[in-house]
>>> print(open('work27.pdb').read())   # PDB, C-alpha atoms, pLDDT in the B column
ATOM      1  CA  MET A   1     -23.841 -16.016  11.326  1.00 85.00           C
ATOM      2  CA  LEU A   2     -23.110 -17.314  14.800  1.00 84.00           C
ATOM      3  CA  PHE A   3     -22.987 -13.797  16.228  1.00 83.00           C
ATOM      4  CA  ALA A   4     -26.355 -13.028  14.653  1.00 87.00           C
ATOM      5  CA  VAL A   5     -27.996 -15.847  16.618  1.00 89.00           C
ATOM      6  CA  GLN A   6     -25.714 -15.797  19.644  1.00 85.00           C
ATOM      7  CA  ASP A   7     -28.531 -15.039  22.109  1.00 86.00           C
ATOM      8  CA  LEU A   8     -30.496 -18.040  20.861  1.00 88.00           C
ATOM      9  CA  VAL A   9     -27.457 -20.310  21.162  1.00 87.00           C
ATOM     10  CA  LYS A  10     -26.672 -19.000  24.646  1.00 86.00           C
ATOM     11  CA  ALA A  11     -30.239 -19.659  25.729  1.00 86.00           C
ATOM     12  CA  GLU A  12     -29.925 -23.301  24.660  1.00 88.00           C
ATOM     13  CA  PHE A  13     -26.452 -24.049  25.981  1.00 87.00           C
ATOM     14  CA  HIS A  14     -26.647 -21.840  29.112  1.00 85.00           C
ATOM     15  CA  ARG A  15     -23.101 -20.503  28.883  1.00 83.00           C
ATOM     16  CA  SER A  16     -21.707 -17.120  29.861  1.00 82.00           C
ATOM     17  CA  ASP A  17     -20.575 -14.265  27.622  1.00 83.00           C
ATOM     18  CA  ALA A  18     -16.978 -15.130  28.556  1.00 85.00           C
ATOM     19  CA  ALA A  19     -17.472 -18.681  27.277  1.00 84.00           C
ATOM     20  CA  PHE A  20     -18.789 -17.400  23.969  1.00 84.00           C
ATOM     21  CA  GLY A  21     -15.869 -14.996  23.773  1.00 86.00           C
ATOM     22  CA  LEU A  22     -13.640 -18.077  23.953  1.00 89.00           C
ATOM     23  CA  LEU A  23     -15.107 -19.220  20.635  1.00 87.00           C
ATOM     24  CA  THR A  24     -13.624 -16.223  18.860  1.00 86.00           C
ATOM     25  CA  SER A  25     -10.276 -16.692  20.616  1.00 91.00           C
ATOM     26  CA  VAL A  26     -10.109 -20.349  19.584  1.00 91.00           C
ATOM     27  CA  PHE A  27     -10.941 -19.416  16.001  1.00 90.00           C
ATOM     28  CA  PHE A  28      -8.107 -16.882  15.773  1.00 91.00           C
ATOM     29  CA  VAL A  29      -5.553 -19.123  17.501  1.00 93.00           C
ATOM     30  CA  PHE A  30      -6.146 -21.981  15.078  1.00 93.00           C
ATOM     31  CA  TYR A  31      -6.346 -19.556  12.155  1.00 92.00           C
ATOM     32  CA  MET A  32      -2.925 -18.115  13.036  1.00 93.00           C
ATOM     33  CA  CYS A  33      -1.410 -21.562  13.601  1.00 93.00           C
ATOM     34  CA  ALA A  34      -2.703 -22.905  10.284  1.00 93.00           C
ATOM     35  CA  ALA A  35      -1.932 -19.859   8.113  1.00 92.00           C
ATOM     36  CA  PRO A  36       1.890 -20.336   7.847  1.00 92.00           C
ATOM     37  CA  PHE A  37       1.412 -23.848   6.466  1.00 92.00           C
ATOM     38  CA  MET A  38      -0.857 -22.826   3.613  1.00 91.00           C
ATOM     39  CA  GLY A  39       1.889 -21.396   1.407  1.00 87.00           C
ATOM     40  CA  PRO A  40       4.087 -24.536   1.529  1.00 90.00           C
ATOM     41  CA  LEU A  41       1.023 -26.743   1.013  1.00 90.00           C
ATOM     42  CA  SER A  42       0.051 -24.751  -2.084  1.00 88.00           C
ATOM     43  CA  VAL A  43       3.556 -25.238  -3.488  1.00 86.00           C
ATOM     44  CA  ARG A  44       3.611 -28.959  -2.784  1.00 89.00           C
ATOM     45  CA  PHE A  45       0.132 -29.605  -4.170  1.00 89.00           C
ATOM     46  CA  SER A  46      -1.590 -26.600  -5.777  1.00 89.00           C
ATOM     47  CA  GLN A  47      -3.286 -23.398  -4.718  1.00 90.00           C
ATOM     48  CA  LYS A  48      -6.579 -24.577  -6.146  1.00 92.00           C
ATOM     49  CA  ALA A  49      -6.485 -27.895  -4.304  1.00 92.00           C
ATOM     50  CA  VAL A  50      -5.776 -26.239  -0.964  1.00 93.00           C
ATOM     51  CA  ILE A  51      -8.486 -23.596  -1.510  1.00 92.00           C
ATOM     52  CA  ILE A  52     -11.044 -26.280  -2.417  1.00 93.00           C
ATOM     53  CA  LEU A  53     -10.116 -28.376   0.607  1.00 93.00           C
ATOM     54  CA  GLY A  54     -10.318 -25.318   2.863  1.00 91.00           C
ATOM     55  CA  ALA A  55     -13.749 -24.358   1.512  1.00 91.00           C
ATOM     56  CA  LEU A  56     -14.995 -27.895   2.140  1.00 93.00           C
ATOM     57  CA  VAL A  57     -13.576 -27.983   5.681  1.00 92.00           C
ATOM     58  CA  TRP A  58     -15.201 -24.612   6.381  1.00 90.00           C
ATOM     59  CA  SER A  59     -18.522 -25.828   4.958  1.00 92.00           C
ATOM     60  CA  VAL A  60     -18.463 -29.099   6.914  1.00 92.00           C
ATOM     61  CA  ALA A  61     -17.707 -27.159  10.093  1.00 92.00           C
ATOM     62  CA  THR A  62     -20.607 -24.816   9.337  1.00 91.00           C
ATOM     63  CA  LEU A  63     -22.910 -27.779   8.784  1.00 91.00           C
ATOM     64  CA  PHE A  64     -21.569 -29.373  11.958  1.00 91.00           C
ATOM     65  CA  THR A  65     -22.746 -26.291  13.855  1.00 90.00           C
ATOM     66  CA  ALA A  66     -26.333 -27.148  12.989  1.00 90.00           C
ATOM     67  CA  ILE A  67     -26.096 -30.515  14.751  1.00 90.00           C
ATOM     68  CA  THR A  68     -23.974 -29.597  17.782  1.00 90.00           C
ATOM     69  CA  LYS A  69     -25.327 -30.931  21.048  1.00 89.00           C
ATOM     70  CA  ASN A  70     -23.150 -29.037  23.528  1.00 89.00           C
ATOM     71  CA  PHE A  71     -20.732 -26.149  23.886  1.00 89.00           C
ATOM     72  CA  ASP A  72     -17.615 -28.331  23.559  1.00 90.00           C
ATOM     73  CA  GLN A  73     -18.718 -29.392  20.094  1.00 91.00           C
ATOM     74  CA  LEU A  74     -19.182 -25.741  19.241  1.00 90.00           C
ATOM     75  CA  LEU A  75     -15.555 -25.140  20.247  1.00 90.00           C
ATOM     76  CA  ILE A  76     -14.409 -27.945  17.950  1.00 91.00           C
ATOM     77  CA  ARG A  77     -16.435 -26.365  15.176  1.00 89.00           C
ATOM     78  CA  HIS A  78     -14.566 -23.098  15.631  1.00 89.00           C
ATOM     79  CA  THR A  79     -11.173 -24.796  15.382  1.00 91.00           C
ATOM     80  CA  LEU A  80     -12.190 -26.321  12.050  1.00 92.00           C
ATOM     81  CA  VAL A  81     -13.553 -23.007  10.790  1.00 90.00           C
ATOM     82  CA  GLY A  82     -10.244 -21.338  11.676  1.00 90.00           C
ATOM     83  CA  ILE A  83      -8.221 -23.943   9.779  1.00 91.00           C
ATOM     84  CA  GLY A  84     -10.538 -23.952   6.772  1.00 88.00           C
ATOM     85  CA  GLU A  85     -10.749 -20.200   6.544  1.00 88.00           C
ATOM     86  CA  ALA A  86      -6.973 -19.803   6.792  1.00 90.00           C
ATOM     87  CA  SER A  87      -6.527 -21.765   3.591  1.00 89.00           C
ATOM     88  CA  PHE A  88      -8.704 -19.788   1.223  1.00 82.00           C
ATOM     89  CA  VAL A  89      -8.227 -16.406   2.903  1.00 85.00           C
ATOM     90  CA  ILE A  90      -4.450 -16.721   2.585  1.00 88.00           C
ATOM     91  CA  LEU A  91      -4.320 -18.181  -0.938  1.00 90.00           C
ATOM     92  CA  SER A  92      -7.366 -16.796  -2.741  1.00 89.00           C
ATOM     93  CA  PRO A  93      -6.001 -13.256  -3.296  1.00 89.00           C
ATOM     94  CA  THR A  94      -2.954 -14.542  -5.196  1.00 88.00           C
ATOM     95  CA  PHE A  95      -5.094 -17.039  -7.097  1.00 90.00           C
ATOM     96  CA  VAL A  96      -7.470 -14.275  -8.209  1.00 89.00           C
ATOM     97  CA  ALA A  97      -4.638 -11.829  -8.937  1.00 88.00           C
ATOM     98  CA  ASP A  98      -2.937 -14.323 -11.260  1.00 89.00           C
ATOM     99  CA  MET A  99      -6.095 -14.612 -13.347  1.00 90.00           C
ATOM    100  CA  PHE A 100      -6.098 -10.963 -14.457  1.00 89.00           C
ATOM    101  CA  SER A 101      -3.667  -8.556 -16.054  1.00 88.00           C
ATOM    102  CA  GLU A 102      -2.269  -5.635 -14.078  1.00 85.00           C
ATOM    103  CA  GLU A 103      -4.700  -3.251 -15.779  1.00 87.00           C
ATOM    104  CA  LYS A 104      -7.731  -5.185 -14.473  1.00 90.00           C
ATOM    105  CA  ARG A 105      -6.321  -6.500 -11.220  1.00 89.00           C
ATOM    106  CA  GLY A 106      -7.086  -3.501  -9.031  1.00 89.00           C
ATOM    107  CA  ARG A 107     -10.764  -3.461  -9.964  1.00 92.00           C
ATOM    108  CA  VAL A 108     -11.102  -7.233  -9.588  1.00 91.00           C
ATOM    109  CA  MET A 109      -9.399  -7.262  -6.196  1.00 91.00           C
ATOM    110  CA  GLY A 110     -11.676  -4.436  -5.063  1.00 92.00           C
ATOM    111  CA  VAL A 111     -14.704  -6.593  -5.872  1.00 91.00           C
ATOM    112  CA  PHE A 112     -13.022  -9.590  -4.236  1.00 89.00           C
ATOM    113  CA  TYR A 113     -12.447  -7.792  -0.932  1.00 90.00           C
ATOM    114  CA  LEU A 114     -15.898  -6.245  -1.034  1.00 92.00           C
ATOM    115  CA  ALA A 115     -17.238  -9.761  -0.508  1.00 87.00           C
ATOM    116  CA  ILE A 116     -15.951  -9.788   3.080  1.00 84.00           C
ATOM    117  CA  PRO A 117     -18.172  -7.029   4.516  1.00 90.00           C
ATOM    118  CA  VAL A 118     -21.034  -8.029   2.216  1.00 92.00           C
ATOM    119  CA  GLY A 119     -20.826 -11.620   3.466  1.00 87.00           C
ATOM    120  CA  THR A 120     -20.734 -10.431   7.066  1.00 87.00           C
ATOM    121  CA  ALA A 121     -23.803  -8.276   6.515  1.00 92.00           C
ATOM    122  CA  LEU A 122     -25.660 -11.147   4.842  1.00 90.00           C
ATOM    123  CA  GLY A 123     -24.807 -13.386   7.796  1.00 88.00           C
ATOM    124  CA  TYR A 124     -26.427 -10.943  10.210  1.00 89.00           C
ATOM    125  CA  LEU A 125     -29.406 -10.433   7.901  1.00 91.00           C
ATOM    126  CA  LEU A 126     -30.048 -14.155   7.446  1.00 89.00           C
ATOM    127  CA  GLY A 127     -29.476 -14.768  11.131  1.00 88.00           C
ATOM    128  CA  GLY A 128     -32.006 -12.159  12.141  1.00 88.00           C
ATOM    129  CA  VAL A 129     -34.662 -13.451   9.753  1.00 89.00           C
ATOM    130  CA  MET A 130     -34.121 -17.209   9.903  1.00 90.00           C
ATOM    131  CA  GLY A 131     -33.139 -17.436  13.553  1.00 88.00           C
ATOM    132  CA  ALA A 132     -36.389 -15.951  14.788  1.00 86.00           C
ATOM    133  CA  LYS A 133     -38.554 -17.879  12.341  1.00 89.00           C
ATOM    134  CA  TYR A 134     -36.931 -21.306  11.996  1.00 91.00           C
ATOM    135  CA  GLY A 135     -34.511 -21.534  14.923  1.00 90.00           C
ATOM    136  CA  TRP A 136     -30.768 -20.919  14.939  1.00 90.00           C
ATOM    137  CA  ARG A 137     -29.787 -24.348  13.600  1.00 91.00           C
ATOM    138  CA  ALA A 138     -31.590 -23.852  10.281  1.00 91.00           C
ATOM    139  CA  LEU A 139     -29.277 -20.941   9.517  1.00 90.00           C
ATOM    140  CA  PHE A 140     -26.221 -23.190   9.411  1.00 91.00           C
ATOM    141  CA  TYR A 141     -27.800 -25.711   7.066  1.00 91.00           C
ATOM    142  CA  VAL A 142     -28.221 -22.843   4.614  1.00 90.00           C
ATOM    143  CA  GLY A 143     -24.839 -21.291   5.438  1.00 89.00           C
ATOM    144  CA  ALA A 144     -22.907 -24.433   4.546  1.00 90.00           C
ATOM    145  CA  ALA A 145     -24.118 -24.418   0.928  1.00 90.00           C
ATOM    146  CA  PRO A 146     -22.083 -21.502  -0.537  1.00 89.00           C
ATOM    147  CA  GLY A 147     -18.741 -23.040   0.431  1.00 88.00           C
ATOM    148  CA  VAL A 148     -19.634 -26.364  -1.180  1.00 92.00           C
ATOM    149  CA  LEU A 149     -20.837 -24.536  -4.296  1.00 93.00           C
ATOM    150  CA  LEU A 150     -17.621 -22.504  -4.422  1.00 89.00           C
ATOM    151  CA  ALA A 151     -15.489 -25.648  -4.132  1.00 91.00           C
ATOM    152  CA  PHE A 152     -17.487 -27.347  -6.900  1.00 94.00           C
ATOM    153  CA  LEU A 153     -17.275 -24.382  -9.287  1.00 94.00           C
ATOM    154  CA  LEU A 154     -13.554 -24.020  -8.660  1.00 92.00           C
ATOM    155  CA  LEU A 155     -13.025 -27.513 -10.064  1.00 92.00           C
ATOM    156  CA  PHE A 156     -13.844 -26.087 -13.514  1.00 94.00           C
ATOM    157  CA  ILE A 157     -11.476 -23.112 -13.299  1.00 91.00           C
ATOM    158  CA  PRO A 158      -7.948 -23.818 -14.576  1.00 90.00           C
ATOM    159  CA  GLU A 159      -5.297 -22.883 -12.060  1.00 89.00           C
ATOM    160  CA  PRO A 160      -3.397 -19.849 -13.400  1.00 87.00           C
ATOM    161  CA  PRO A 161       0.415 -19.982 -13.483  1.00 85.00           C
ATOM    162  CA  LEU A 162       1.872 -18.125 -10.538  1.00 79.00           C
ATOM    163  CA  GLY A 163       2.663 -14.548 -11.550  1.00 75.00           C
ATOM    164  CA  GLN A 164       1.700 -15.082 -15.192  1.00 76.00           C
ATOM    165  CA  PHE A 165       0.791 -11.416 -15.721  1.00 74.00           C
ATOM    166  CA  ASP A 166       3.626  -9.939 -13.671  1.00 72.00           C
ATOM    167  CA  GLY A 167       6.307  -8.012 -15.525  1.00 64.00           C
ATOM    168  CA  PRO A 168       9.584  -9.869 -16.156  1.00 59.00           C
ATOM    169  CA  GLU A 169      11.708  -7.009 -14.895  1.00 59.00           C
ATOM    170  CA  LYS A 170      13.107  -6.976 -11.359  1.00 56.00           C
ATOM    171  CA  VAL A 171      13.935  -3.818  -9.475  1.00 54.00           C
ATOM    172  CA  PRO A 172      17.026  -4.575  -7.357  1.00 56.00           C
ATOM    173  CA  GLU A 173      16.503  -1.423  -5.314  1.00 54.00           C
ATOM    174  CA  ARG A 174      13.198  -2.858  -4.009  1.00 52.00           C
ATOM    175  CA  ASP A 175      14.238  -6.463  -3.379  1.00 57.00           C
ATOM    176  CA  THR A 176      14.960  -6.109   0.338  1.00 61.00           C
ATOM    177  CA  LEU A 177      13.382  -4.330   3.264  1.00 59.00           C
ATOM    178  CA  LYS A 178      16.422  -2.070   3.642  1.00 61.00           C
ATOM    179  CA  THR A 179      16.525  -0.922   0.026  1.00 58.00           C
ATOM    180  CA  THR A 180      12.746  -0.548  -0.100  1.00 54.00           C
ATOM    181  CA  SER A 181      12.918   1.746   2.906  1.00 54.00           C
ATOM    182  CA  ARG A 182      15.611   3.853   1.231  1.00 52.00           C
ATOM    183  CA  TRP A 183      13.552   3.961  -1.998  1.00 47.00           C
ATOM    184  CA  ASN A 184      10.441   5.142  -0.162  1.00 52.00           C
ATOM    185  CA  HIS A 185      12.387   7.874   1.637  1.00 54.00           C
ATOM    186  CA  GLY A 186      13.535   9.534  -1.560  1.00 54.00           C
ATOM    187  CA  CYS A 187      16.733   7.674  -2.375  1.00 57.00           C
ATOM    188  CA  ARG A 188      16.845   6.969  -6.107  1.00 51.00           C
ATOM    189  CA  PRO A 189      20.067   5.537  -7.545  1.00 50.00           C
ATOM    190  CA  GLY A 190      21.403   7.789 -10.246  1.00 48.00           C
ATOM    191  CA  ARG A 191      19.660  10.928  -8.977  1.00 46.00           C
ATOM    192  CA  LEU A 192      22.126  13.651  -7.979  1.00 44.00           C
ATOM    193  CA  THR A 193      19.470  15.514  -6.009  1.00 48.00           C
ATOM    194  CA  SER A 194      18.749  12.538  -3.802  1.00 48.00           C
ATOM    195  CA  PRO A 195      21.967  11.067  -2.347  1.00 52.00           C
ATOM    196  CA  CYS A 196      21.809   7.436  -1.284  1.00 54.00           C
ATOM    197  CA  PRO A 197      23.695   6.752   1.940  1.00 53.00           C
ATOM    198  CA  ARG A 198      25.342   3.371   2.306  1.00 52.00           C
TER     199      ARG A 198
END
>>> encode(input="work27.pdb", output="structure tokens")
Amino acid sequence: MLFAVQDLVKAEFHRSDAAFGLLTSVFFVFYMCAAPFMGPLSVRFSQKAVIILGALVWSVATLFTAITKNFDQLLIRHTLVGIGEASFVILSPTFVADMFSEEKRGRVMGVFYLAIPVGTALGYLLGGVMGAKYGWRALFYVGAAPGVLLAFLLLFIPEPPLGQFDGPEKVPERDTLKTTSRWNHGCRPGRLTSPCPR
């Protein structure tokens, strides 16, 4: 959404293109720093709790954008968005995958990942319409609502056991990077036509 109204924001804050490029850099830096902690947090607490917290942080940061008074506050907003987004982007795929059997999982995950470009497109569409008519700040009051709604609805969804639909069997030949590489290059234990070098 911010990119859709970037010219309006630049006109108000009088900052250069380089300064606005820093917003994206700050987002990715904090996203990358926060992402490795999300797995351990989900183990210590729960995936659902971390996803809900992340959605709320993201929503608060989005709402905060609507009331920013200067560019420095906009930078702080982007750090919070990076942290919040890292939580549900990292954990949501496994949460969704554990809710469906292997037969349905591919189709469900396809719909799940379709939301990313659709959401991006909606952000530009809303930004173009609302920004010109109501000002750029109004867009972020509206944009904060879906994350809060998502967090609220998730409260009513039981957290699925991790890997509940995964098969019980393990394939030793695919447990490590080395053996996976050998497997993918044609080495199959027990096949005379495909010798497996040690």
>>> resolve_selection(input="work27.pdb", expression="the PyMOL selection byres ((chain A and resi 93-109) around 8)", output="ChimeraX atom specification")
/A:47-48,89-92,110-113,159-166
>>> closest_residue(input="work27.pdb", among="A:Ser87, A:Val9, A:Tyr124, A:Gly119", to="Lys69 in chain A", atoms="all atoms listed in the file")
A:Val9
>>> axis_aligned_box(input="work27.pdb", around="range 117-130 of chain A", padding_each_side="3 Å", output="AutoDock Vina command-line options")
--center_x -26.4 --center_y -12.1 --center_z 7.2 --size_x 22.5 --size_y 16.2 --size_z 15.9
>>> closest_residue(input="work27.pdb", among="A:Val118, A:Val148, A:Leu2, A:Ala86", to="Pro36 in chain A", atoms="only C-alpha atoms")
A:Ala86
>>> resolve_selection(input="work27.pdb", expression="the PyMOL selection byres ((chain A and resi 50) around 10)", output="list in words")
Met38, Gly39, Leu41, Ser42, Val43, Arg44, Phe45, Ser46, Gln47, Lys48, Ala49, Ile51, Ile52, Leu53, Gly54, Ala55, Leu56, Gly84, Ser87, Phe88, Leu91 and Ser92 of chain A
>>> resolve_selection(input="work27.pdb", expression="the PyMOL selection byres ((chain A and resi 140) around 9)", output="ChimeraX atom specification")
/A:1-2,62-66,136-139,141-145
>>> atom_distance(input="work27.pdb", atom1="CA of Val5 in chain A", atom2="CA of Gly127 in chain A")
5.8 Å
>>> residues_around(input="work27.pdb", residues="Phe27 in chain A", least_positions_apart="2", cutoff="7 Å", atoms="only C-alpha atoms", output="list in words")
Leu23, Thr24, Ser25, Val29, Phe30, Tyr31, His78, Thr79, Val81 and Gly82 of chain A
>>> residues_around(input="work27.pdb", residues="Phe71 in chain A", least_positions_apart="6", cutoff="10 Å", atoms="only C-alpha atoms", output="number ranges by chain")
A: 9-10, 12-15, 19-20, 23, 77
>>> write_last_selection(input="work27.pdb", atoms="C-alpha atoms", output="PDB file, keeping the file's coordinate frame")
ATOM      1  CA  VAL A   9     -27.457 -20.310  21.162  1.00 87.00           C
ATOM      2  CA  LYS A  10     -26.672 -19.000  24.646  1.00 86.00           C
ATOM      3  CA  GLU A  12     -29.925 -23.301  24.660  1.00 88.00           C
ATOM      4  CA  PHE A  13     -26.452 -24.049  25.981  1.00 87.00           C
ATOM      5  CA  HIS A  14     -26.647 -21.840  29.112  1.00 85.00           C
ATOM      6  CA  ARG A  15     -23.101 -20.503  28.883  1.00 83.00           C
ATOM      7  CA  ALA A  19     -17.472 -18.681  27.277  1.00 84.00           C
ATOM      8  CA  PHE A  20     -18.789 -17.400  23.969  1.00 84.00           C
ATOM      9  CA  LEU A  23     -15.107 -19.220  20.635  1.00 87.00           C
ATOM     10  CA  ARG A  77     -16.435 -26.365  15.176  1.00 89.00           C
TER      11      ARG A  77
END
>>> atom_distance(input="work27.pdb", atom1="CA of Ala11 in chain A", atom2="CA of Val129 in chain A")
17.7 Å
